[in-house]
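**Student:** The structure file start02.tsv (TSV, C-alpha atoms and all ligand atoms) is provided below.
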chain	number	residue	atom	x	y	z
M	1	MET	CA	89.03	121.32	114.82
M	2	LYS	CA	86.31	118.93	113.61
M	3	PHE	CA	86.98	115.26	114.45
M	4	VAL	CA	89.83	116.25	116.78
M	5	ASP	CA	88.61	118.58	119.55
M	6	GLU	CA	85.53	116.53	120.38
M	7	TYR	CA	87.74	113.45	120.82
M	8	ARG	CA	89.97	115.28	123.33
M	9	ASP	CA	87.21	116.56	125.60
M	10	GLY	CA	88.34	116.18	129.23
M	11	LYS	CA	84.80	116.08	130.62
M	12	LEU	CA	83.82	113.24	128.29
M	13	ALA	CA	87.08	111.42	129.10
M	14	ARG	CA	86.31	111.59	132.81
M	15	GLY	CA	82.80	110.27	132.06
M	16	ILE	CA	84.23	107.21	130.27
M	17	ALA	CA	86.79	106.78	133.06
M	18	ALA	CA	83.92	106.73	135.59
M	19	ALA	CA	82.10	104.10	133.50
M	20	ILE	CA	85.26	101.95	133.38
M	21	ALA	CA	85.70	102.32	137.15
M	22	ARG	CA	82.06	101.30	137.72
M	23	GLU	CA	82.25	98.28	135.44
M	24	VAL	CA	85.60	96.68	136.33
M	25	GLN	CA	85.26	93.87	138.82
M	26	PRO	CA	87.45	94.71	141.80
M	27	ASP	CA	88.56	91.13	142.44
M	28	ARG	CA	90.30	90.47	139.11
M	29	PRO	CA	93.05	92.07	137.04
M	30	TYR	CA	92.49	93.36	133.49
M	31	ARG	CA	95.50	93.40	131.16
M	32	PHE	CA	95.02	94.85	127.72
M	33	MET	CA	97.73	95.27	125.11
M	34	GLU	CA	97.65	98.32	122.88
M	35	PHE	CA	99.41	96.81	119.88
M	36	CYS	CA	100.29	100.03	118.11
M	37	GLY	CA	102.91	102.60	119.04
M	38	GLY	CA	100.41	105.32	118.06
M	39	HIS	CA	98.21	104.19	120.94
M	40	THR	CA	101.22	103.96	123.27
M	41	HIS	CA	102.04	107.55	122.36
M	42	ALA	CA	98.43	108.69	122.97
M	43	ILE	CA	98.26	106.89	126.34
M	44	ALA	CA	101.49	108.54	127.48
M	45	ARG	CA	100.74	111.96	126.00
M	46	TYR	CA	97.25	112.30	127.50
M	47	GLY	CA	98.03	110.55	130.78
M	48	LEU	CA	95.28	107.99	130.20
M	49	GLU	CA	96.76	105.48	132.64
M	50	ASP	CA	96.06	108.00	135.41
M	51	LEU	CA	92.34	107.69	134.57
M	52	LEU	CA	92.26	103.90	134.84
M	53	PRO	CA	91.55	101.76	137.91
M	54	GLU	CA	94.50	100.19	139.75
M	55	ASN	CA	93.61	96.69	138.56
M	56	LEU	CA	93.53	97.63	134.86
M	57	ALA	CA	96.92	97.71	133.14
M	58	MET	CA	97.77	98.76	129.61
M	59	ILE	CA	100.67	96.73	128.19
M	60	HIS	CA	102.65	98.28	125.34
M	61	GLY	CA	102.89	96.11	122.22
M	62	PRO	CA	105.24	95.79	119.25
M	63	GLY	CA	103.31	97.95	116.79
M	64	CYS	CA	106.02	100.50	116.06
M	65	PRO	CA	107.61	99.70	112.67
M	66	VAL	CA	110.91	101.36	113.51
M	67	CYS	CA	111.10	99.51	116.82
M	68	VAL	CA	110.51	96.01	115.45
M	69	LEU	CA	112.97	96.17	112.57
M	70	PRO	CA	115.76	93.77	113.56
M	71	VAL	CA	119.39	94.86	113.75
M	72	GLY	CA	120.28	92.62	110.78
M	73	ARG	CA	117.97	94.55	108.44
M	74	MET	CA	119.37	97.87	109.70
M	75	ASN	CA	122.86	96.56	108.94
M	76	ASP	CA	121.65	95.63	105.43
M	77	ALA	CA	120.35	99.17	104.87
M	78	ILE	CA	123.61	100.72	106.09
M	79	GLN	CA	125.64	98.45	103.81
M	80	LEU	CA	123.37	99.25	100.85
M	81	ALA	CA	123.86	102.98	101.45
M	82	GLN	CA	127.64	102.55	101.54
M	83	GLN	CA	127.79	101.01	98.05
M	84	PRO	CA	129.15	103.23	95.28
M	85	GLY	CA	126.47	104.81	93.12
M	86	VAL	CA	123.66	104.09	95.60
M	87	THR	CA	121.33	106.75	97.03
M	88	LEU	CA	119.32	105.42	99.96
M	89	CYS	CA	116.01	107.18	100.62
M	90	THR	CA	114.55	106.74	104.09
M	91	TYR	CA	112.09	108.18	106.57
M	92	ALA	CA	113.77	110.33	109.23
M	93	ASP	CA	113.20	108.03	112.22
M	94	LEU	CA	115.30	105.27	110.70
M	95	MET	CA	118.36	107.52	110.52
M	96	ARG	CA	119.08	107.10	114.23
M	97	VAL	CA	118.21	103.44	114.77
M	98	PRO	CA	121.38	101.70	115.95
M	99	GLY	CA	122.78	98.86	113.88
M	100	SER	CA	125.73	96.71	114.92
M	101	ASP	CA	128.91	98.32	116.31
M	102	ALA	CA	127.00	101.52	117.21
M	103	MET	CA	126.64	102.26	113.49
M	104	SER	CA	123.54	104.00	112.09
M	105	LEU	CA	122.39	105.57	108.86
M	106	ILE	CA	123.11	109.02	110.22
M	107	LYS	CA	126.71	107.99	110.97
M	108	ALA	CA	127.02	106.43	107.51
M	109	LYS	CA	125.77	109.71	106.02
M	110	ALA	CA	128.35	111.64	108.04
M	111	GLU	CA	131.00	109.32	106.61
M	112	GLY	CA	129.92	110.16	103.07
M	113	ALA	CA	127.12	107.74	102.12
M	114	ASP	CA	124.39	109.34	99.99
M	115	ILE	CA	121.40	108.98	102.31
M	116	ARG	CA	118.42	111.26	101.89
M	117	MET	CA	115.44	111.73	104.17
M	118	VAL	CA	112.13	111.64	102.33
M	119	TYR	CA	108.51	112.21	103.30
M	120	SER	CA	106.97	109.76	100.85
M	121	THR	CA	107.67	107.15	98.21
M	122	LEU	CA	106.99	109.86	95.61
M	123	ASP	CA	110.05	111.81	96.82
M	124	ALA	CA	112.20	108.72	96.18
M	125	LEU	CA	110.64	108.24	92.73
M	126	ARG	CA	111.37	111.89	91.86
M	127	ILE	CA	115.01	111.50	92.89
M	128	ALA	CA	115.29	108.40	90.68
M	129	GLN	CA	113.80	110.31	87.73
M	130	GLU	CA	116.02	113.36	88.23
M	131	GLU	CA	119.25	111.43	88.80
M	132	PRO	CA	119.27	108.48	86.37
M	133	GLU	CA	122.98	107.84	87.01
M	134	ARG	CA	122.20	106.91	90.67
M	135	LYS	CA	120.71	103.63	91.90
M	136	VAL	CA	117.95	104.96	94.13
M	137	VAL	CA	116.88	102.60	96.93
M	138	PHE	CA	113.73	103.28	98.94
M	139	PHE	CA	113.99	101.79	102.45
M	140	ALA	CA	110.39	100.61	102.84
M	141	ILE	CA	109.17	99.81	106.35
M	142	GLY	CA	105.84	99.81	108.09
M	143	PHE	CA	102.62	97.98	108.65
M	144	GLU	CA	99.61	97.72	106.32
M	145	THR	CA	99.15	101.51	106.35
M	146	THR	CA	102.38	102.27	104.50
M	147	THR	CA	102.33	99.26	102.19
M	148	PRO	CA	99.91	100.65	99.54
M	149	PRO	CA	102.10	103.73	98.79
M	150	THR	CA	105.11	101.43	98.30
M	151	ALA	CA	103.09	99.22	95.94
M	152	LEU	CA	101.95	102.29	93.99
M	153	ALA	CA	105.54	103.55	93.72
M	154	ILE	CA	106.65	100.23	92.21
M	155	LEU	CA	103.73	100.28	89.75
M	156	GLN	CA	104.54	103.88	88.82
M	157	ALA	CA	108.22	103.03	88.33
M	158	GLN	CA	107.19	100.21	86.02
M	159	GLN	CA	104.76	102.39	84.05
M	160	THR	CA	107.34	105.16	83.58
M	161	GLY	CA	110.10	102.72	82.64
M	162	LEU	CA	112.40	103.66	85.53
M	163	LYS	CA	115.47	101.43	85.60
M	164	ASN	CA	117.23	102.89	88.64
M	165	PHE	CA	114.53	102.65	91.34
M	166	PHE	CA	114.66	99.81	93.88
M	167	VAL	CA	112.72	98.98	97.04
M	168	PHE	CA	114.22	97.38	100.14
M	169	CYS	CA	110.99	95.78	101.36
M	170	ASN	CA	110.46	95.40	105.12
M	171	HIS	CA	106.68	95.67	105.29
M	172	VAL	CA	105.15	93.65	108.12
M	173	LEU	CA	101.66	92.49	109.07
M	174	THR	CA	99.71	93.30	112.21
M	175	PRO	CA	97.40	90.28	112.73
M	176	ALA	CA	100.32	87.82	112.40
M	177	ALA	CA	102.27	89.66	115.10
M	178	ILE	CA	99.32	89.75	117.51
M	179	GLN	CA	98.87	86.02	116.94
M	180	ALA	CA	102.60	85.45	117.61
M	181	ILE	CA	102.35	87.26	120.95
M	182	VAL	CA	99.36	85.28	122.18
M	183	GLY	CA	100.50	82.01	120.65
M	184	ALA	CA	104.08	82.19	122.00
M	185	PRO	CA	104.97	79.32	124.33
M	186	GLU	CA	104.27	79.93	128.00
M	187	SER	CA	107.25	81.27	129.92
M	188	ALA	CA	107.84	82.80	133.30
M	189	SER	CA	108.01	86.25	131.76
M	190	LYS	CA	105.06	85.93	129.37
M	191	VAL	CA	102.38	88.45	130.26
M	192	PRO	CA	98.85	87.11	130.41
M	193	LEU	CA	96.60	89.30	128.25
M	194	ASP	CA	92.83	89.73	128.34
M	195	GLY	CA	92.39	91.61	125.06
M	196	PHE	CA	93.83	93.93	122.45
M	197	VAL	CA	93.34	97.48	121.27
M	198	GLY	CA	93.92	97.24	117.51
M	199	PRO	CA	95.15	100.10	115.32
M	200	ALA	CA	92.49	101.96	113.34
M	201	HIS	CA	94.79	103.17	110.56
M	202	VAL	CA	95.77	99.56	109.76
M	203	SER	CA	92.10	98.59	109.66
M	204	THR	CA	91.21	101.43	107.29
M	205	VAL	CA	93.20	99.28	104.83
M	206	ILE	CA	92.62	95.68	105.96
M	207	GLY	CA	89.25	96.10	107.71
M	208	THR	CA	88.31	94.29	110.90
M	209	ARG	CA	87.79	90.86	109.35
M	210	PRO	CA	91.44	89.61	109.55
M	211	TYR	CA	91.22	89.60	113.36
M	212	GLU	CA	88.04	87.56	113.59
M	213	ARG	CA	89.58	84.10	113.49
M	214	PHE	CA	92.25	85.16	115.98
M	215	ALA	CA	89.70	86.52	118.48
M	216	GLU	CA	87.68	83.31	118.24
M	217	SER	CA	90.60	80.84	118.32
M	218	TYR	CA	92.40	82.46	121.24
M	219	ALA	CA	89.28	83.75	123.00
M	220	LYS	CA	90.75	87.27	123.14
M	221	PRO	CA	88.60	90.31	122.39
M	222	VAL	CA	89.92	92.90	119.95
M	223	VAL	CA	88.63	96.47	119.69
M	224	ILE	CA	89.80	98.50	116.72
M	225	ALA	CA	90.32	102.06	117.95
M	226	GLY	CA	91.38	105.50	116.78
M	227	PHE	CA	94.27	107.46	118.24
M	228	GLU	CA	92.54	110.28	120.06
M	229	PRO	CA	92.25	109.95	123.85
M	230	LEU	CA	88.50	109.36	123.82
M	231	ASP	CA	88.92	106.66	121.16
M	232	VAL	CA	91.36	104.81	123.41
M	233	MET	CA	89.24	105.23	126.55
M	234	GLN	CA	86.11	104.03	124.73
M	235	ALA	CA	88.02	101.00	123.39
M	236	ILE	CA	89.14	100.11	126.92
M	237	LEU	CA	85.54	100.33	128.14
M	238	MET	CA	84.43	98.06	125.28
M	239	LEU	CA	87.15	95.54	126.20
M	240	VAL	CA	86.13	95.60	129.86
M	241	ARG	CA	82.53	94.89	128.85
M	242	GLN	CA	83.55	91.98	126.62
M	243	VAL	CA	85.71	90.45	129.34
M	244	ASN	CA	82.96	90.84	131.95
M	245	GLU	CA	80.39	89.27	129.66
M	246	GLY	CA	82.71	86.43	128.59
M	247	ARG	CA	82.69	87.55	124.95
M	248	ALA	CA	85.72	87.53	122.63
M	249	ILE	CA	84.86	89.16	119.33
M	250	VAL	CA	86.22	91.95	117.13
M	251	GLU	CA	84.50	95.28	117.74
M	252	ASN	CA	85.01	98.49	115.86
M	253	GLU	CA	85.29	101.68	117.87
M	254	TYR	CA	86.51	103.68	114.86
M	255	ILE	CA	83.32	103.48	112.83
M	256	ARG	CA	84.04	106.89	111.32
M	257	ALA	CA	86.58	105.30	108.95
M	258	VAL	CA	86.92	101.53	109.47
M	259	THR	CA	84.68	98.89	107.90
M	260	GLN	CA	84.68	95.12	108.12
M	261	ASP	CA	86.28	94.75	104.67
M	262	GLY	CA	88.58	97.79	104.63
M	263	ASN	CA	89.92	99.41	101.49
M	264	VAL	CA	89.49	96.67	98.90
M	265	LYS	CA	91.19	98.68	96.17
M	266	ALA	CA	94.32	99.23	98.26
M	267	GLN	CA	94.35	95.54	99.19
M	268	ALA	CA	94.20	94.58	95.48
M	269	ILE	CA	97.12	96.89	94.64
M	270	CYS	CA	99.21	95.41	97.45
M	271	ASP	CA	98.27	91.89	96.42
M	272	ARG	CA	99.37	92.59	92.87
M	273	VAL	CA	102.85	93.74	93.93
M	274	PHE	CA	103.58	91.78	97.12
M	275	GLU	CA	103.32	88.23	98.40
M	276	LEU	CA	103.79	86.68	101.84
M	277	ARG	CA	107.27	85.81	103.08
M	278	ASP	CA	107.44	82.40	104.74
M	279	THR	CA	109.03	84.00	107.77
M	280	PHE	CA	110.52	87.30	108.89
M	281	GLU	CA	112.50	88.34	111.94
M	282	TRP	CA	110.96	90.86	114.33
M	283	ARG	CA	112.98	92.53	117.04
M	284	GLY	CA	111.70	91.06	120.28
M	285	LEU	CA	109.51	88.39	118.69
M	286	GLY	CA	112.13	86.50	116.66
M	287	GLN	CA	111.09	84.71	113.47
M	288	VAL	CA	107.35	85.01	112.85
M	289	ALA	CA	105.75	82.92	110.08
M	290	ASP	CA	103.67	84.70	107.41
M	291	SER	CA	104.25	88.06	109.07
M	292	ALA	CA	105.85	90.12	106.29
M	293	LEU	CA	105.70	90.83	102.59
M	294	LYS	CA	108.16	90.48	99.73
M	295	ILE	CA	108.03	91.81	96.19
M	296	ARG	CA	106.56	89.41	93.64
M	297	GLU	CA	108.77	87.96	90.91
M	298	ALA	CA	106.91	90.00	88.29
M	299	PHE	CA	108.37	93.15	89.88
M	300	ALA	CA	111.86	91.77	90.58
M	301	ALA	CA	113.34	94.59	88.49
M	302	PHE	CA	112.58	96.89	91.44
M	303	ASP	CA	113.51	94.51	94.24
M	304	VAL	CA	116.70	95.26	96.18
M	305	GLU	CA	116.88	91.60	97.19
M	306	SER	CA	117.14	90.60	93.49
M	307	HIS	CA	119.76	93.20	92.54
M	308	PHE	CA	122.03	93.62	95.55
M	309	ASP	CA	123.80	91.24	97.85
M	310	VAL	CA	121.47	91.43	100.87
M	311	ARG	CA	122.37	88.71	103.33
M	312	THR	CA	120.63	89.76	106.56
M	313	LEU	CA	123.14	88.12	108.86
M	314	PRO	CA	122.04	87.38	112.41
M	315	ALA	CA	122.94	90.33	114.63
M	316	LYS	CA	122.47	90.87	118.33
M	317	ASP	CA	120.88	93.85	120.08
M	318	ASN	CA	122.87	95.85	122.62
M	319	PRO	CA	122.85	93.33	125.53
M	320	ALA	CA	121.91	96.03	128.05
M	321	CYS	CA	118.93	97.18	125.97
M	322	GLU	CA	115.54	95.76	127.01
M	323	CYS	CA	113.73	96.60	123.75
M	324	GLY	CA	112.98	92.92	123.05
M	325	ALA	CA	111.23	92.36	126.39
M	326	ILE	CA	109.45	95.73	126.10
M	327	LEU	CA	108.15	94.86	122.63
M	328	ARG	CA	106.79	91.57	124.01
M	329	GLY	CA	105.04	93.48	126.80
M	330	GLU	CA	107.17	91.79	129.47
M	331	LYS	CA	108.97	94.92	130.67
M	332	ARG	CA	108.42	98.65	130.83
M	333	PRO	CA	110.91	101.34	129.80
M	334	THR	CA	111.82	102.14	133.39
M	335	ASP	CA	112.87	98.51	133.89
M	336	CYS	CA	115.86	99.23	131.63
M	337	LYS	CA	118.98	100.41	133.44
M	338	LEU	CA	119.92	102.60	130.47
M	339	PHE	CA	116.60	104.51	130.37
M	340	GLY	CA	117.19	108.21	130.74
M	341	THR	CA	120.83	107.78	131.69
M	342	VAL	CA	122.87	106.42	128.80
M	343	CYS	CA	119.83	106.11	126.53
M	344	THR	CA	117.82	109.21	125.57
M	345	PRO	CA	116.19	110.32	122.30
M	346	GLU	CA	119.35	112.32	121.51
M	347	ASN	CA	121.51	109.24	122.05
M	348	PRO	CA	119.31	106.15	121.54
M	349	MET	CA	120.79	102.79	122.46
M	350	GLY	CA	117.80	100.86	121.16
M	351	SER	CA	115.04	101.30	118.61
M	352	CYS	CA	112.29	101.94	121.21
M	353	MET	CA	113.93	105.29	122.07
M	354	VAL	CA	114.01	106.51	118.46
M	355	SER	CA	110.51	106.90	117.08
M	356	SER	CA	107.92	108.96	118.98
M	357	GLU	CA	105.80	105.78	118.82
M	358	GLY	CA	108.44	103.78	120.69
M	359	SER	CA	107.57	102.96	124.31
M	360	CYS	CA	110.84	104.34	125.66
M	361	ALA	CA	110.60	107.59	123.69
M	362	ALA	CA	106.94	108.05	124.71
M	363	HIS	CA	107.78	107.46	128.36
M	364	TRP	CA	110.78	109.77	128.15
M	365	THR	CA	108.71	112.56	126.59
M	366	TYR	CA	105.63	112.31	128.83
M	367	GLY	CA	105.61	109.49	131.36
M	368	ARG	CA	108.75	110.31	133.33
M	369	PHE	CA	107.22	113.56	134.57
M	370	ARG	CA	104.26	111.65	135.97
M	371	ASP	CA	106.67	109.18	137.61
M	372	ALA	CA	108.38	112.12	139.31
M	373	GLU	CA	105.05	113.54	140.49
M	374	LYS	CA	103.98	110.17	141.84
M	375	ARG	CA	107.28	109.78	143.70
M	376	LYS	CA	106.81	113.25	145.23
M	377	ALA	CA	103.25	112.49	146.29
M	378	SER	CA	104.12	109.15	147.95
X	401	LIG	S1	115.77	102.74	127.33
X	401	LIG	FE1	117.05	102.54	125.49
X	401	LIG	S2	118.38	100.83	125.90
X	401	LIG	FE2	116.69	100.70	127.34
X	401	LIG	S3	115.14	99.43	126.36
X	401	LIG	FE3	114.65	101.52	125.83
X	401	LIG	S4	115.68	101.84	123.89
X	401	LIG	FE4	116.62	100.00	124.78
Show the structure stored in the file as structure tokens.
**Tutor:**
Amino acid sequence: MKFVDEYRDGKLARGIAAAIAREVQPDRPYRFMEFCGGHTHAIARYGLEDLLPENLAMIHGPGCPVCVLPVGRMNDAIQLAQQPGVTLCTYADLMRVPGSDAMSLIKAKAEGADIRMVYSTLDALRIAQEEPERKVVFFAIGFETTTPPTALAILQAQQTGLKNFFVFCNHVLTPAAIQAIVGAPESASKVPLDGFVGPAHVSTVIGTRPYERFAESYAKPVVIAGFEPLDVMQAILMLVRQVNEGRAIVENEYIRAVTQDGNVKAQAICDRVFELRDTFEWRGLGQVADSALKIREAFAAFDVESHFDVRTLPAKDNPACECGAILRGEKRPTDCKLFGTVCTPENPMGSCMVSSEGSCAAHWTYGRFRDAEKRKAS
């Protein structure tokens, strides 16, 4: 398939791996964070870590929208769904994310709440049009890639005069989170990082420009990369070269779709509907300033937070779950005592085991077999 097969070519991948091996300096470590869960999934699925030198480590980042949603916001969504007359529309992954007291949307549905899995914002709009007696709430999550469709849904609801369509807005921003990771105070567990692989789908919307100040201020290179194995390997090679040459700029590996300015039209639509929140809680990162969006006052008629009692009370993660440390890059899935024993994709104890982009789910699906092979070989 065009634009897929050629980016999964094993011979080419081994060629890039050989170039990385030639160019890394043996006397220093290289630690790169792949911010996005899509990259984490690709690294696990294609066994890319097996192609990298011993002194080059890929650290999984917090770029999985399901994973970073804090327990308090999950509790809000569950409580919204339990209100009489409410239909909550959500993407499938969120159904199994644990809230407090082992509750989840799927359990709330089993207890009678009207929760429906949708594939797009348009599905939620259609339900609102077809069932005017219901208050239809769309549970909006995601990074800059999923924000434009939510903005368009709100504009469409306004244009068609819908009075029963509401959005529970949890859209978050990638550059702010990367900055929070690097700018976090030093601690014993903080992982030193030499650079970032940035998500290409986010940059198809925002472009590469929003990372430029970050790369310069923190002296950390960023390479925007696609999600095929060769994209990721090429991005790692580009990072190695920047580190070796003492450069820290934003480079674009995904030139087939990403530009410096991104999709200006989509940005304008989002800007019309949303504005920055002062602060927002991320699982694992805590409160991060200017890292999320809220619906502008002009569209308050569609804002859950204007129409329902949404309090977002502080709520703790399962104390045995290491999702927070994993999302900060401080731990790996196998560092968690619950991994693969109590916690599996069928019975997730934390958000990182739910979505296929979560580090724990990716390692469960692909990485654990390599662990077993390595143990056998040693
Ligand atoms: S294995 Fe489960 S409990 Fe452990 S960190 Fe991952 S999601 Fe949390």
**Student:** Near Ala110 in chain M, counting all atoms listed in the file, which residues have an atom at most 12 Å away, once you skip same-chain residues fewer than 5 positions from it, shown as a short mmCIF file (atom, residue, chain, number, x, y, z; two decimals) with C-alpha atoms, keeping the file's coordinate frame?
**Tutor:**
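The file below, out.cif, is the result:
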data_model
loop_
_atom_site.label_atom_id
_atom_site.label_comp_id
_atom_site.auth_asym_id
_atom_site.auth_seq_id
_atom_site.Cartn_x
_atom_site.Cartn_y
_atom_site.Cartn_z
CA ALA M 81 123.86 102.98 101.45
CA GLN M 82 127.64 102.55 101.54
CA MET M 95 118.36 107.52 110.52
CA MET M 103 126.64 102.26 113.49
CA SER M 104 123.54 104.00 112.09
CA LEU M 105 122.39 105.57 108.86
CA ILE M 115 121.40 108.98 102.31
CA ARG M 116 118.42 111.26 101.89
#
**Student:** When distances are computed from only C-alpha atoms and all ligand atoms, which of M:Leu285, M:Leu88, M:Val4, M:Val68 shows the smallest separation from ligand LIG 401 (chain X)?
**Tutor:**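 Distance minimum relative to ligand LIG 401 (chain X) lands on M:Val68.
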**Student:** Mind listing the residues within 8 Å of ligand LIG 401 (chain X), all atoms listed in the file counted, as a PyMOL selection string?
**Tutor:** chain M and resi 318+320-324+326+333-340+342-344+348-354+359-361
**Student:** What is the CA of Pro26 in chain M-CA of Met238 in chain M distance in Å, reported with one decimal?
**Tutor:**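 Taking CA of Pro26 in chain M and CA of Met238 in chain M, their separation equals 17.1 Å.
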**Student:** Using only C-alpha atoms, list the residues that have an atom at most 8 Å from (108.8, 98.6, 116.0), coordinates as in the file, as a list in words.
**Tutor:**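 Those residues lying close to the given coordinates are Gly37, Pro62, Gly63, Cys64, Pro65, Val66, Cys67, Val68, Leu69, Arg283, Leu327, Ser351, Cys352 and Gly358 of chain M.
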**Student:** Identify which of the residues M:Arg311, M:Lys331, M:Arg370, M:Lys294 lies closest to Cys169 in chain M, counting all atoms listed in the file when measuring atom-to-atom distances.
**Tutor:**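 Of the candidates, the smallest distance to Cys169 in chain M is held by M:Lys294.
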**Student:** Take every atom of range 335-348 of chain M listed in the file, pad by 5 Å on each side, and give me the axis-aligned box centre and edge lengths in Å, one decimal, as lines of an AutoDock Vina configuration file.
**Tutor:**
center_x = 117.9
center_y = 105.4
center_z = 127.7
size_x = 20.0
size_y = 23.8
size_z = 22.4
**Student:** Identify which of the residues M:Val197, M:Leu276, M:Met33, M:Ala215 lies closest to Asn252 in chain M, counting all atoms listed in the file when measuring atom-to-atom distances.
**Tutor:**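 Closest residue, counting all atoms listed in the file: M:Val197.
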**Student:** Contacts of Val24 in chain M at 12 Å or less, counting only C-alpha atoms, minus same-chain residues fewer than 6 places along, as number ranges by chain?
**Tutor:** M: 17-18, 30-31, 52-57, 236-245
**Student:** For C-alpha atoms, I'd like the residues from the last selection saved as a PDB file, keeping the file's coordinate frame.
**Tutor:**
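result_32.pdb was written with the following content:
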ATOM      1  CA  ALA M  17      86.790 106.780 133.060  1.00  0.00           C
ATOM      2  CA  ALA M  18      83.920 106.730 135.590  1.00  0.00           C
ATOM      3  CA  TYR M  30      92.490  93.360 133.490  1.00  0.00           C
ATOM      4  CA  ARG M  31      95.500  93.400 131.160  1.00  0.00           C
ATOM      5  CA  LEU M  52      92.260 103.900 134.840  1.00  0.00           C
ATOM      6  CA  PRO M  53      91.550 101.760 137.910  1.00  0.00           C
ATOM      7  CA  GLU M  54      94.500 100.190 139.750  1.00  0.00           C
ATOM      8  CA  ASN M  55      93.610  96.690 138.560  1.00  0.00           C
ATOM      9  CA  LEU M  56      93.530  97.630 134.860  1.00  0.00           C
ATOM     10  CA  ALA M  57      96.920  97.710 133.140  1.00  0.00           C
ATOM     11  CA  ILE M 236      89.140 100.110 126.920  1.00  0.00           C
ATOM     12  CA  LEU M 237      85.540 100.330 128.140  1.00  0.00           C
ATOM     13  CA  MET M 238      84.430  98.060 125.280  1.00  0.00           C
ATOM     14  CA  LEU M 239      87.150  95.540 126.200  1.00  0.00           C
ATOM     15  CA  VAL M 240      86.130  95.600 129.860  1.00  0.00           C
ATOM     16  CA  ARG M 241      82.530  94.890 128.850  1.00  0.00           C
ATOM     17  CA  GLN M 242      83.550  91.980 126.620  1.00  0.00           C
ATOM     18  CA  VAL M 243      85.710  90.450 129.340  1.00  0.00           C
ATOM     19  CA  ASN M 244      82.960  90.840 131.950  1.00  0.00           C
ATOM     20  CA  GLU M 245      80.390  89.270 129.660  1.00  0.00           C
TER      21      GLU M 245
END
**Student:** I'd like the contact shell of Asp261 in chain M - 9 Å cut-off, only C-alpha atoms, skipping same-chain residues fewer than 3 positions apart - returned as an mmCIF file with C-alpha atoms, in the frame of the given file.
**Tutor:**
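So part23.cif came out as:
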data_model
loop_
_atom_site.group_PDB
_atom_site.id
_atom_site.type_symbol
_atom_site.label_atom_id
_atom_site.label_comp_id
_atom_site.auth_asym_id
_atom_site.auth_seq_id
_atom_site.Cartn_x
_atom_site.Cartn_y
_atom_site.Cartn_z
ATOM 1 C CA SER M 203 92.100 98.590 109.660
ATOM 2 C CA THR M 204 91.210 101.430 107.290
ATOM 3 C CA VAL M 205 93.200 99.280 104.830
ATOM 4 C CA ILE M 206 92.620 95.680 105.960
ATOM 5 C CA GLY M 207 89.250 96.100 107.710
ATOM 6 C CA THR M 208 88.310 94.290 110.900
ATOM 7 C CA ARG M 209 87.790 90.860 109.350
ATOM 8 C CA PRO M 210 91.440 89.610 109.550
ATOM 9 C CA VAL M 258 86.920 101.530 109.470
ATOM 10 C CA VAL M 264 89.490 96.670 98.900
#
**Student:** Could you jot down the CA of Glu216 in chain M to CA of Phe35 in chain M separation for me, Å, one decimal place?
**Tutor:**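 Separation of CA of Glu216 in chain M and CA of Phe35 in chain M: 18.0 Å.
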**Student:** I'd like a table as a tab-separated table: residues in range 10-92 of chain M with an atom no more than 12 Å from range 122-126 of chain M, each row giving the shortest atom pair and its distance in Å to one decimal, all atoms listed in the file counted, sorted by chain and rising residue number.
**Tutor:**
residue	atom	partner	partner_atom	distance
M:Thr87	CA	M:Ala124	CA	9.4
M:Leu88	CA	M:Ala124	CA	8.7
M:Cys89	CA	M:Ala124	CA	6.0
M:Thr90	CA	M:Ala124	CA	8.5
M:Tyr91	CA	M:Ala124	CA	10.4
**Student:** Those same residues - C-alpha atoms - I'd like them written as a PDB file, keeping the file's coordinate frame.
**Tutor:**
ATOM      1  CA  THR M  87     121.330 106.750  97.030  1.00  0.00           C
ATOM      2  CA  LEU M  88     119.320 105.420  99.960  1.00  0.00           C
ATOM      3  CA  CYS M  89     116.010 107.180 100.620  1.00  0.00           C
ATOM      4  CA  THR M  90     114.550 106.740 104.090  1.00  0.00           C
ATOM      5  CA  TYR M  91     112.090 108.180 106.570  1.00  0.00           C
TER       6      TYR M  91
END
**Student:** Between CA of Gln129 in chain M and CA of Glu111 in chain M, what is the distance in Å, rounded to a tenth?
**Tutor:**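 Between CA of Gln129 in chain M and CA of Glu111 in chain M the gap works out to 25.6 Å.
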**Student:** What's the 7 Å shell around Asn164 in chain M, counting only C-alpha atoms, without same-chain residues fewer than 6 positions away, as a list of chain:residue names?
**Tutor:**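 Residues meeting the cut-off are M:Ala128, M:Pro132, M:Arg134, M:Lys135, M:Val136.
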**Student:** Considering all atoms listed in the file, can you say which of M:Ile224, M:Arg247, M:Ile106, M:Cys36 comes closest to Gln260 in chain M?
**Tutor:**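 That would be M:Ile224, the residue with the smallest distance to Gln260 in chain M.
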